[in-house]
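protein08.tsv follows (TSV, C-alpha atoms):
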chain	number	residue	atom	x	y	z
A	1	MET	CA	3.38	-27.94	29.86
A	2	ASP	CA	1.63	-31.04	31.19
A	3	GLY	CA	2.87	-34.17	29.47
A	4	VAL	CA	6.33	-32.77	28.70
A	5	GLU	CA	8.66	-32.42	31.70
A	6	ARG	CA	12.13	-30.85	31.64
A	7	PHE	CA	15.09	-30.84	33.97
A	8	ASP	CA	18.37	-29.03	33.34
A	9	LEU	CA	21.20	-31.19	34.64
A	10	CYS	CA	23.51	-28.19	34.50
A	11	SER	CA	21.63	-26.86	37.54
A	12	ILE	CA	23.40	-29.61	39.51
A	13	HIS	CA	26.80	-29.27	37.83
A	14	PRO	CA	27.74	-27.18	34.76
A	15	ALA	CA	29.59	-30.15	33.19
A	16	ASN	CA	26.41	-32.29	33.12
A	17	ARG	CA	25.71	-31.82	29.42
A	18	GLY	CA	26.46	-33.38	26.03
A	19	PHE	CA	24.98	-36.88	26.30
A	20	SER	CA	24.47	-39.45	23.55
A	21	GLY	CA	22.06	-42.22	24.45
A	22	ALA	CA	19.78	-43.17	27.33
A	23	VAL	CA	19.45	-46.64	28.87
A	24	SER	CA	16.94	-48.07	31.36
A	25	ASP	CA	17.80	-50.86	33.78
A	26	GLY	CA	14.22	-51.22	34.99
A	27	ARG	CA	14.39	-48.47	37.60
A	28	PHE	CA	17.12	-46.00	36.71
A	29	ILE	CA	17.69	-44.08	33.49
A	30	TYR	CA	21.34	-43.57	32.54
A	31	LEU	CA	22.49	-40.79	30.20
A	32	VAL	CA	25.65	-41.68	28.27
A	33	PRO	CA	28.43	-39.04	28.24
A	34	LEU	CA	29.94	-37.95	24.91
A	35	ASN	CA	31.13	-34.33	24.78
A	36	ASN	CA	30.42	-31.26	26.93
A	37	GLY	CA	33.02	-29.08	25.22
A	38	GLU	CA	35.51	-31.88	25.52
A	39	SER	CA	35.15	-35.65	25.67
A	40	HIS	CA	33.79	-36.49	29.11
A	41	GLY	CA	32.78	-39.40	31.28
A	42	ARG	CA	30.06	-37.93	33.52
A	43	VAL	CA	27.36	-40.61	33.48
A	44	ALA	CA	24.08	-39.11	34.72
A	45	ARG	CA	21.50	-41.29	36.45
A	46	HIS	CA	17.83	-40.59	37.20
A	47	ASP	CA	15.83	-42.48	39.83
A	48	THR	CA	12.39	-42.95	38.26
A	49	GLN	CA	10.84	-43.39	41.73
A	50	ILE	CA	11.48	-39.70	42.44
A	51	ALA	CA	9.95	-36.73	40.63
A	52	PHE	CA	11.71	-35.95	37.36
A	53	ASP	CA	12.43	-32.31	38.24
A	54	ASP	CA	13.62	-33.05	41.79
A	55	PRO	CA	17.42	-32.56	41.96
A	56	ALA	CA	17.52	-35.43	44.48
A	57	ALA	CA	16.43	-37.78	41.66
A	58	TRP	CA	19.67	-37.16	39.77
A	59	GLU	CA	23.31	-38.03	40.38
A	60	ALA	CA	26.44	-38.32	38.24
A	61	PHE	CA	29.53	-40.48	38.25
A	62	ASP	CA	32.67	-39.56	36.34
A	63	SER	CA	34.05	-42.76	34.82
A	64	THR	CA	37.48	-41.17	34.39
A	65	GLN	CA	37.88	-41.99	38.10
A	66	VAL	CA	38.21	-45.59	36.94
A	67	ASN	CA	40.40	-44.89	33.92
A	68	PRO	CA	41.45	-41.48	32.50
A	69	GLY	CA	40.56	-42.66	28.99
A	70	SER	CA	37.06	-43.72	30.00
A	71	ARG	CA	35.17	-40.91	28.28
A	72	GLY	CA	33.63	-40.02	24.95
A	73	PHE	CA	30.95	-42.69	24.47
A	74	VAL	CA	28.08	-43.03	22.01
A	75	ASP	CA	25.18	-44.95	23.52
A	76	GLY	CA	24.98	-47.77	26.03
A	77	VAL	CA	23.70	-51.34	26.20
A	78	PHE	CA	22.14	-53.16	29.18
A	79	ASP	CA	22.40	-56.95	29.46
A	80	GLY	CA	20.14	-57.47	32.47
A	81	ARG	CA	22.85	-56.74	35.04
A	82	TYR	CA	25.61	-54.68	33.49
A	83	LEU	CA	25.50	-51.35	31.70
A	84	TYR	CA	28.09	-51.12	28.91
A	85	LEU	CA	29.19	-47.74	27.57
A	86	VAL	CA	30.16	-47.89	23.88
A	87	PRO	CA	33.57	-46.27	23.24
A	88	PHE	CA	33.93	-43.73	20.47
A	89	PHE	CA	36.29	-40.76	20.92
A	90	ASN	CA	38.37	-39.54	23.89
A	91	ASP	CA	40.70	-37.20	21.95
A	92	LYS	CA	41.29	-40.16	19.66
A	93	HIS	CA	39.10	-43.04	18.56
A	94	HIS	CA	39.27	-45.56	21.35
A	95	GLY	CA	38.07	-48.97	22.50
A	96	GLN	CA	37.69	-48.54	26.25
A	97	VAL	CA	34.40	-50.29	26.96
A	98	THR	CA	33.29	-49.15	30.40
A	99	ARG	CA	30.97	-51.39	32.41
A	100	TYR	CA	28.86	-50.67	35.49
A	101	ASP	CA	27.46	-53.42	37.72
A	102	THR	CA	23.93	-52.14	38.41
A	103	ARG	CA	23.73	-54.27	41.59
A	104	MET	CA	26.52	-52.19	43.10
A	105	PRO	CA	26.60	-48.58	44.38
A	106	PHE	CA	26.57	-46.14	41.48
A	107	ALA	CA	29.01	-43.63	42.92
A	108	GLU	CA	31.77	-46.07	43.88
A	109	ALA	CA	34.66	-46.65	41.48
A	110	SER	CA	34.78	-50.33	42.50
A	111	SER	CA	31.38	-50.81	40.80
A	112	TRP	CA	32.93	-49.93	37.46
A	113	SER	CA	35.46	-51.66	35.21
A	114	VAL	CA	37.12	-50.99	31.85
A	115	PHE	CA	38.25	-53.28	29.04
A	116	ASP	CA	40.25	-51.93	26.12
A	117	THR	CA	39.19	-53.74	22.95
A	118	THR	CA	42.37	-52.65	21.15
A	119	LEU	CA	44.05	-55.38	23.21
A	120	VAL	CA	42.11	-57.83	21.03
A	121	SER	CA	42.80	-55.96	17.78
A	122	ALA	CA	44.33	-52.57	17.04
A	123	ASN	CA	41.31	-51.70	14.85
A	124	SER	CA	38.73	-52.49	17.54
A	125	ARG	CA	37.89	-48.89	18.32
A	126	GLY	CA	35.66	-46.02	17.26
A	127	PHE	CA	32.28	-47.69	17.76
A	128	VAL	CA	28.79	-46.21	17.65
A	129	SER	CA	26.20	-48.10	19.70
A	130	GLY	CA	25.58	-51.83	19.58
A	131	CYS	CA	23.19	-54.46	20.88
A	132	PHE	CA	22.79	-57.48	23.16
A	133	ASP	CA	21.27	-60.74	21.89
A	134	GLY	CA	20.86	-62.54	25.21
A	135	ARG	CA	24.44	-63.73	25.36
A	136	TYR	CA	26.65	-61.65	23.10
A	137	PHE	CA	27.29	-57.92	23.15
A	138	TYR	CA	28.00	-56.53	19.66
A	139	LEU	CA	29.81	-53.24	19.01
A	140	ALA	CA	28.93	-51.49	15.74
A	141	PRO	CA	32.07	-50.21	13.93
A	142	TYR	CA	32.18	-46.64	12.69
A	143	GLN	CA	35.59	-44.87	12.51
A	144	LEU	CA	39.28	-45.57	13.08
A	145	ASP	CA	40.03	-41.86	12.79
A	146	GLN	CA	38.22	-38.75	11.58
A	147	SER	CA	38.65	-39.70	7.91
A	148	THR	CA	38.64	-43.52	7.98
A	149	GLN	CA	35.44	-45.51	8.40
A	150	HIS	CA	35.79	-49.19	9.22
A	151	GLY	CA	33.80	-52.41	9.42
A	152	GLN	CA	35.51	-54.45	12.13
A	153	ILE	CA	32.76	-55.72	14.41
A	154	THR	CA	33.77	-56.63	17.94
A	155	ARG	CA	31.76	-59.10	20.03
A	156	TYR	CA	31.90	-59.97	23.73
A	157	ASP	CA	30.62	-63.24	25.21
A	158	THR	CA	28.92	-62.02	28.41
A	159	SER	CA	29.00	-65.54	29.91
A	160	ARG	CA	32.76	-65.14	30.30
A	161	ASP	CA	34.98	-62.85	32.33
A	162	PHE	CA	34.94	-59.23	31.13
A	163	ASN	CA	38.74	-59.00	31.12
A	164	GLU	CA	39.34	-62.36	29.43
A	165	LEU	CA	40.89	-61.77	26.01
A	166	ASP	CA	39.36	-64.93	24.56
A	167	ALA	CA	35.87	-63.69	25.49
A	168	TRP	CA	36.23	-61.08	22.74
A	169	LYS	CA	36.19	-61.73	19.00
A	170	VAL	CA	36.44	-59.55	15.91
A	171	PHE	CA	35.25	-59.92	12.33
A	172	ASN	CA	36.10	-57.51	9.52
A	173	LEU	CA	33.11	-57.09	7.23
A	174	ALA	CA	35.43	-56.06	4.39
A	175	ALA	CA	35.70	-59.79	3.78
A	176	VAL	CA	32.03	-59.75	2.76
A	177	HIS	CA	31.80	-56.44	0.88
A	178	PRO	CA	34.38	-53.63	0.42
A	179	ASP	CA	31.81	-50.95	1.32
A	180	SER	CA	30.66	-52.59	4.54
A	181	ARG	CA	31.88	-49.94	6.95
A	182	GLY	CA	30.75	-46.85	8.83
A	183	PHE	CA	27.76	-48.29	10.74
A	184	HIS	CA	25.58	-46.54	13.28
A	185	SER	CA	24.11	-49.07	15.68
A	186	ALA	CA	23.08	-52.70	15.63
A	187	VAL	CA	19.68	-54.31	16.22
A	188	CYS	CA	18.99	-57.88	17.32
A	189	ALA	CA	15.89	-59.40	15.71
A	190	GLY	CA	15.20	-63.09	16.10
A	191	GLU	CA	18.05	-65.19	14.74
A	192	HIS	CA	19.81	-62.21	13.21
A	193	VAL	CA	21.72	-59.07	14.10
A	194	TYR	CA	21.38	-56.12	11.72
A	195	PHE	CA	24.05	-53.43	11.36
A	196	VAL	CA	22.66	-50.03	10.39
A	197	PRO	CA	24.36	-48.25	7.45
A	198	TYR	CA	25.44	-44.69	7.99
A	199	HIS	CA	28.61	-43.08	6.56
A	200	LEU	CA	31.31	-44.20	4.12
A	201	GLY	CA	33.40	-41.05	4.51
A	202	GLY	CA	33.35	-37.54	3.08
A	203	LYS	CA	30.00	-36.78	1.45
A	204	HIS	CA	29.30	-40.45	0.83
A	205	TYR	CA	26.59	-42.01	2.97
A	206	SER	CA	25.85	-45.70	2.99
A	207	GLY	CA	22.77	-47.81	2.34
A	208	LEU	CA	24.56	-51.15	2.72
A	209	MET	CA	22.95	-52.98	5.62
A	210	MET	CA	24.71	-56.07	6.98
A	211	ARG	CA	23.00	-59.04	8.61
A	212	HIS	CA	24.58	-61.71	10.80
A	213	ASP	CA	23.02	-65.15	11.24
A	214	ARG	CA	23.53	-65.95	14.92
A	215	ARG	CA	23.09	-69.68	14.26
A	216	LEU	CA	26.42	-69.71	12.42
A	217	GLU	CA	29.93	-68.97	13.60
A	218	PHE	CA	30.56	-65.27	14.12
A	219	ASP	CA	33.80	-65.17	12.12
A	220	CYS	CA	32.53	-67.29	9.22
A	221	GLU	CA	31.86	-65.35	6.01
A	222	ALA	CA	28.81	-67.53	5.31
A	223	ALA	CA	27.18	-66.10	8.46
A	224	TRP	CA	27.00	-62.65	6.87
A	225	GLU	CA	24.96	-61.14	4.06
A	226	CYS	CA	24.26	-57.63	2.86
A	227	PHE	CA	21.46	-55.66	1.24
A	228	ASP	CA	21.75	-52.26	-0.43
A	229	LEU	CA	18.85	-50.08	0.69
A	230	THR	CA	19.42	-47.75	-2.27
A	231	SER	CA	17.98	-50.51	-4.48
A	232	ILE	CA	14.63	-49.55	-2.91
A	233	HIS	CA	15.19	-45.80	-3.24
A	234	GLU	CA	18.36	-43.89	-4.11
A	235	GLY	CA	17.89	-41.69	-1.06
A	236	CYS	CA	17.71	-44.59	1.40
A	237	ARG	CA	21.08	-44.09	3.02
A	238	GLY	CA	22.57	-42.47	6.12
A	239	TYR	CA	20.56	-44.09	8.93
A	240	VAL	CA	21.14	-43.60	12.65
A	241	GLY	CA	19.80	-46.38	14.84
A	242	GLY	CA	16.93	-48.78	14.56
A	243	VAL	CA	14.50	-50.91	16.53
A	244	CYS	CA	12.60	-54.17	16.04
A	245	HIS	CA	8.98	-54.81	17.00
A	246	ASP	CA	6.82	-57.84	16.21
A	247	GLY	CA	9.19	-59.04	13.51
A	248	MET	CA	9.49	-55.64	11.83
A	249	LEU	CA	12.78	-53.78	11.71
A	250	TYR	CA	12.58	-49.97	11.54
A	251	LEU	CA	15.53	-47.74	10.64
A	252	SER	CA	15.76	-44.09	11.69
A	253	PRO	CA	16.67	-41.65	8.85
A	254	TYR	CA	19.28	-38.96	9.24
A	255	ILE	CA	21.23	-37.80	6.14
A	256	ASP	CA	21.39	-38.99	2.54
A	257	GLY	CA	24.52	-37.07	1.50
A	258	LYS	CA	22.59	-34.09	0.21
A	259	ASP	CA	20.21	-33.26	3.04
A	260	ARG	CA	18.73	-34.53	6.26
A	261	HIS	CA	15.88	-36.79	5.26
A	262	GLY	CA	12.83	-38.58	6.65
A	263	ARG	CA	12.70	-41.88	4.72
A	264	VAL	CA	11.89	-44.44	7.38
A	265	ILE	CA	12.71	-48.02	6.35
A	266	ARG	CA	10.67	-51.01	7.47
A	267	PHE	CA	11.72	-54.63	6.85
A	268	ASN	CA	9.85	-57.84	7.60
A	269	THR	CA	12.58	-59.87	9.32
A	270	ARG	CA	10.73	-63.14	8.63
A	271	ALA	CA	11.57	-62.72	4.94
A	272	GLN	CA	14.75	-63.05	2.91
A	273	LEU	CA	16.77	-59.87	2.57
A	274	THR	CA	16.27	-59.83	-1.19
A	275	GLU	CA	12.45	-60.14	-1.11
A	276	ALA	CA	11.24	-56.86	-2.58
A	277	ASN	CA	7.82	-56.98	-0.90
A	278	ALA	CA	9.46	-57.34	2.54
A	279	TRP	CA	10.64	-53.72	2.35
A	280	SER	CA	8.68	-50.50	2.77
A	281	VAL	CA	9.68	-46.84	2.81
A	282	PHE	CA	7.68	-43.99	4.29
A	283	ASP	CA	8.89	-40.41	3.96
A	284	CYS	CA	7.84	-38.47	7.06
A	285	ALA	CA	8.99	-35.25	5.44
A	286	GLY	CA	6.32	-35.77	2.78
A	287	VAL	CA	3.70	-35.37	5.50
A	288	ASN	CA	5.47	-32.77	7.61
A	289	SER	CA	8.50	-31.06	6.08
A	290	GLY	CA	10.17	-30.68	9.48
A	291	SER	CA	10.05	-34.41	10.16
A	292	ARG	CA	13.60	-35.39	9.23
A	293	GLY	CA	17.11	-35.62	10.64
A	294	PHE	CA	16.61	-38.09	13.47
A	295	PHE	CA	19.09	-39.67	15.88
A	296	GLY	CA	17.64	-42.99	16.94
A	297	ALA	CA	14.42	-45.01	17.01
A	298	ILE	CA	12.56	-46.13	20.14
A	299	CYS	CA	9.56	-48.42	20.59
A	300	ASP	CA	7.13	-48.77	23.51
A	301	GLY	CA	5.08	-51.62	21.97
A	302	ARG	CA	2.39	-49.26	20.69
A	303	HIS	CA	4.39	-46.65	18.83
A	304	LEU	CA	7.62	-46.06	17.00
A	305	PHE	CA	9.34	-42.83	18.05
A	306	LEU	CA	12.02	-41.02	16.03
A	307	VAL	CA	14.38	-38.88	18.10
A	308	PRO	CA	14.80	-35.30	16.79
A	309	HIS	CA	18.31	-34.02	16.24
A	310	CYS	CA	19.23	-31.80	13.27
A	311	ARG	CA	17.74	-30.70	9.92
A	312	GLY	CA	20.94	-29.10	8.65
A	313	VAL	CA	23.73	-26.68	9.54
A	314	GLY	CA	22.47	-24.53	12.42
A	315	ALA	CA	19.06	-26.23	12.34
A	316	TYR	CA	18.86	-28.40	15.44
A	317	HIS	CA	15.25	-29.32	16.10
A	318	GLY	CA	12.89	-30.91	18.60
A	319	GLN	CA	10.20	-32.39	16.39
A	320	LEU	CA	9.53	-35.83	17.83
A	321	THR	CA	7.82	-38.07	15.26
A	322	ARG	CA	5.55	-41.00	16.12
A	323	HIS	CA	4.05	-43.91	14.17
A	324	GLU	CA	1.14	-45.97	15.51
A	325	LEU	CA	2.29	-49.55	14.97
A	326	ALA	CA	-1.22	-51.03	14.78
A	327	MET	CA	-1.99	-48.88	11.74
A	328	ASP	CA	-0.83	-49.10	8.13
A	329	PHE	CA	2.81	-48.04	7.90
A	330	ASN	CA	2.08	-46.10	4.69
A	331	ASP	CA	-1.00	-44.32	6.02
A	332	ALA	CA	-0.15	-40.68	6.75
A	333	ALA	CA	-2.80	-40.73	9.51
A	334	SER	CA	-0.68	-43.26	11.44
A	335	TRP	CA	2.01	-40.63	11.89
A	336	SER	CA	1.92	-37.74	14.37
A	337	PHE	CA	4.29	-35.06	15.62
A	338	CYS	CA	5.20	-33.21	18.80
A	339	ASP	CA	7.52	-30.24	18.42
A	340	LEU	CA	9.23	-30.03	21.79
A	341	ALA	CA	10.94	-26.76	20.88
A	342	ARG	CA	7.50	-25.16	21.02
A	343	VAL	CA	7.38	-26.13	24.69
A	344	GLU	CA	10.81	-24.61	25.27
A	345	PRO	CA	13.24	-23.46	22.55
A	346	ALA	CA	16.14	-25.38	24.12
A	347	CYS	CA	14.26	-28.69	23.79
A	348	ARG	CA	16.11	-29.81	20.68
A	349	GLY	CA	19.20	-31.60	19.42
A	350	PHE	CA	18.68	-34.89	21.25
A	351	MET	CA	20.75	-38.03	20.70
A	352	GLY	CA	18.93	-41.21	21.71
A	353	GLY	CA	16.44	-42.03	24.39
A	354	ALA	CA	14.70	-44.75	26.36
A	355	VAL	CA	11.22	-45.80	27.46
A	356	HIS	CA	10.32	-46.73	31.02
A	357	ALA	CA	6.89	-47.16	32.66
A	358	GLY	CA	4.95	-45.19	30.07
A	359	LYS	CA	7.47	-42.36	29.85
A	360	LEU	CA	9.88	-41.48	27.05
A	361	TYR	CA	13.22	-40.03	28.13
A	362	LEU	CA	15.38	-38.07	25.68
A	363	ALA	CA	19.14	-37.52	26.06
A	364	PRO	CA	20.25	-33.90	25.52
A	365	TYR	CA	23.33	-33.34	23.38
A	366	GLU	CA	23.53	-29.90	21.76
A	367	ILE	CA	21.12	-27.16	20.73
A	368	ASP	CA	23.53	-25.71	18.15
A	369	ALA	CA	26.98	-26.71	16.97
A	370	GLY	CA	29.23	-26.58	20.01
A	371	ARG	CA	26.42	-25.50	22.37
A	372	HIS	CA	26.05	-28.62	24.47
A	373	SER	CA	22.84	-29.10	26.42
A	374	GLY	CA	21.91	-30.66	29.73
A	375	LEU	CA	18.15	-30.21	29.32
A	376	ALA	CA	16.71	-33.71	29.76
A	377	VAL	CA	13.11	-34.24	28.67
A	378	ARG	CA	10.47	-36.75	29.74
A	379	ILE	CA	7.24	-37.27	27.78
A	380	ASP	CA	4.10	-38.88	29.19
A	381	LEU	CA	3.15	-41.44	26.53
A	382	ASP	CA	-0.45	-41.58	27.74
A	383	ARG	CA	-1.02	-37.95	26.79
A	384	GLU	CA	-2.55	-37.84	23.32
A	385	ASP	CA	-3.23	-34.12	23.37
A	386	ILE	CA	0.43	-33.21	22.80
A	387	TRP	CA	0.49	-34.93	19.39
A	388	THR	CA	-0.53	-33.37	16.08
A	389	VAL	CA	-1.97	-35.59	13.35
A	390	PRO	CA	-1.49	-34.47	9.71
A	391	GLY	CA	-4.28	-32.20	8.50
A	392	THR	CA	-5.39	-31.17	12.00
A	393	VAL	CA	-4.54	-28.27	14.29
A	394	ASN	CA	-3.35	-28.94	17.83
A	395	PRO	CA	-4.42	-26.16	20.22
A	396	PHE	CA	-1.18	-26.63	22.19
A	397	PHE	CA	0.89	-26.13	19.03
A	398	PRO	CA	-1.12	-23.99	16.56
A	399	GLY	CA	0.33	-24.14	13.08
A	400	ALA	CA	2.18	-27.38	13.79
A	401	ASP	CA	0.20	-29.51	11.34
A	402	ARG	CA	2.62	-28.70	8.51
A	403	ALA	CA	6.02	-27.45	9.73

Let me see the file written as structure tokens.
Amino acid sequence: MDGVERFDLCSIHPANRGFSGAVSDGRFIYLVPLNNGESHGRVARHDTQIAFDDPAAWEAFDSTQVNPGSRGFVDGVFDGRYLYLVPFFNDKHHGQVTRYDTRMPFAEASSWSVFDTTLVSANSRGFVSGCFDGRYFYLAPYQLDQSTQHGQITRYDTSRDFNELDAWKVFNLAAVHPDSRGFHSAVCAGEHVYFVPYHLGGKHYSGLMMRHDRRLEFDCEAAWECFDLTSIHEGCRGYVGGVCHDGMLYLSPYIDGKDRHGRVIRFNTRAQLTEANAWSVFDCAGVNSGSRGFFGAICDGRHLFLVPHCRGVGAYHGQLTRHELAMDFNDAASWSFCDLARVEPACRGFMGGAVHAGKLYLAPYEIDAGRHSGLAVRIDLDREDIWTVPGTVNPFFPGADRA
């Protein structure tokens, strides 16, 4: 279908599947390797100057060539020169941050380096995504092992040598609040960095967002404050990723402990955390019941996009959800939907994405539990005809107005 392009990376190599996160460096799109049946390190790269479905546009580099433990990442961060892969699980929860110098040849091991954050602290491991604030690279803490969530943030000063121990610092958020753990991403917005609440362990999902004031010392308790999103709505918990645009922070909803949900959070970052009128909630599932269970938020300056992942056990989906930022956040007409699985059934179960030159790229992870995918998708953001607005019928996707 015009406007939605697909390319199966497995057509190049069967191990090119199971990615979590996509990053743009201004020309290339990198897909971050997580698990393709086992933890892997096959970073896939697409040259945006070549047709999306041309095999010559794609290549892969296996970071285990640099270090055998360099595999099992969740998301990546670009600082203007270097791509950092965020370490999560490589048969155990690990801290091997892997870095690629984008000015160097992609397929050469000498272009890559690894730093093990457990050299700084034994608990600096098991991260999920992070962010860059112009100088510092923050790693969002998630798990120490499969049953232990943690809150030890690790930060790297990118003005210093990558392998210099003193360039890395840690701060345990337990000093601020005992439930400040199990985060899923970080977002830089102005003078602050926000850590997105996800999972406390077991069936308990978190709504406790943490905020760091970058004007104060990183390891000073006074530089940190928290806000419990469940004070807005009991179901505002279990978020996966976020994005900031024009002073507004948006959080992507995933699971509230009972079900996958669609309660998108918006916060005016110019306000104090405790200002009630600075917070808004919009439930996408109230407009379209299939609009829930997302894995990441992306912004192109005009729209907010929520990345489709899973609605429940055995219910991986491809319903991309979009909000027009110039319209009222609470207006149902500002929200629209594109069910990619109607283009091709395997277009579902994505984890993260990136925008480049008017195109949205989605990273394929799995289409069912244990069925890892290599089907990358690119959406033309200038094509309005692929989107369905509530209360209307899209001829491309009949019946898609209310899933």

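Among the candidate residues A:Glu225, A:Asp246, A:Asp54, A:Asp219, the one lying nearest to Ile153 in chain A is A:Asp219, with distances computed using only C-alpha atoms.
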
Within 9 Å of Val176 in chain A, counting only C-alpha atoms, which residues qualify if same-chain residues fewer than 3 places away don't, as an mmCIF file with C-alpha atoms, in the frame of the given file?
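Contents of the output file around-v5.cif:
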data_model
loop_
_atom_site.group_PDB
_atom_site.id
_atom_site.type_symbol
_atom_site.label_atom_id
_atom_site.label_comp_id
_atom_site.auth_asym_id
_atom_site.auth_seq_id
_atom_site.Cartn_x
_atom_site.Cartn_y
_atom_site.Cartn_z
ATOM 1 C CA ASN A 172 36.100 -57.510 9.520
ATOM 2 C CA LEU A 173 33.110 -57.090 7.230
ATOM 3 C CA ASP A 179 31.810 -50.950 1.320
ATOM 4 C CA SER A 180 30.660 -52.590 4.540
ATOM 5 C CA GLU A 221 31.860 -65.350 6.010
ATOM 6 C CA ALA A 222 28.810 -67.530 5.310
ATOM 7 C CA TRP A 224 27.000 -62.650 6.870
ATOM 8 C CA GLU A 225 24.960 -61.140 4.060
ATOM 9 C CA CYS A 226 24.260 -57.630 2.860
#

Practice item. Find the residues around range 336-348 of chain A up to 6 Å (only C-alpha atoms counted), leave out those fewer than 6 positions away in its own chain, and share them as an MDAnalysis selection string. Key: chainID A and resid 317:322 367 387:389

Sort by chain and increasing residue number a table of all residues of range 37-104 of chain A within 12 Å of range 6-16 of chain A, each with its closest pair of atoms and their distance in Å to one decimal, counting only C-alpha atoms, and write it as a Markdown table.
| residue | atom | partner | partner_atom | distance |
| --- | --- | --- | --- | --- |
| A:Gly37 | CA | A:Ala15 | CA | 8.7 |
| A:Glu38 | CA | A:Ala15 | CA | 9.8 |
| A:Ser39 | CA | A:Ala15 | CA | 10.8 |
| A:His40 | CA | A:Ala15 | CA | 8.6 |
| A:Gly41 | CA | A:Asn16 | CA | 9.7 |
| A:Arg42 | CA | A:Asn16 | CA | 6.7 |
| A:Val43 | CA | A:Asn16 | CA | 8.4 |
| A:Ala44 | CA | A:Asn16 | CA | 7.4 |
| A:Arg45 | CA | A:Leu9 | CA | 10.3 |
| A:His46 | CA | A:Leu9 | CA | 10.3 |
| A:Ala51 | CA | A:Phe7 | CA | 10.3 |
| A:Phe52 | CA | A:Phe7 | CA | 7.0 |
| A:Asp53 | CA | A:Phe7 | CA | 5.2 |
| A:Asp54 | CA | A:Phe7 | CA | 8.3 |
| A:Pro55 | CA | A:Ile12 | CA | 7.1 |
| A:Ala56 | CA | A:Ile12 | CA | 9.7 |
| A:Ala57 | CA | A:Phe7 | CA | 10.4 |
| A:Trp58 | CA | A:Leu9 | CA | 8.0 |
| A:Glu59 | CA | A:Ile12 | CA | 8.5 |
| A:Ala60 | CA | A:Asn16 | CA | 7.9 |
| A:Phe61 | CA | A:Asn16 | CA | 10.2 |
| A:Asp62 | CA | A:Asn16 | CA | 10.1 |

Using only C-alpha atoms, the shortest atom-to-atom distance to His204 in chain A among A:Pro178, A:Gly72, A:Gly257, A:Pro141 belongs to A:Gly257
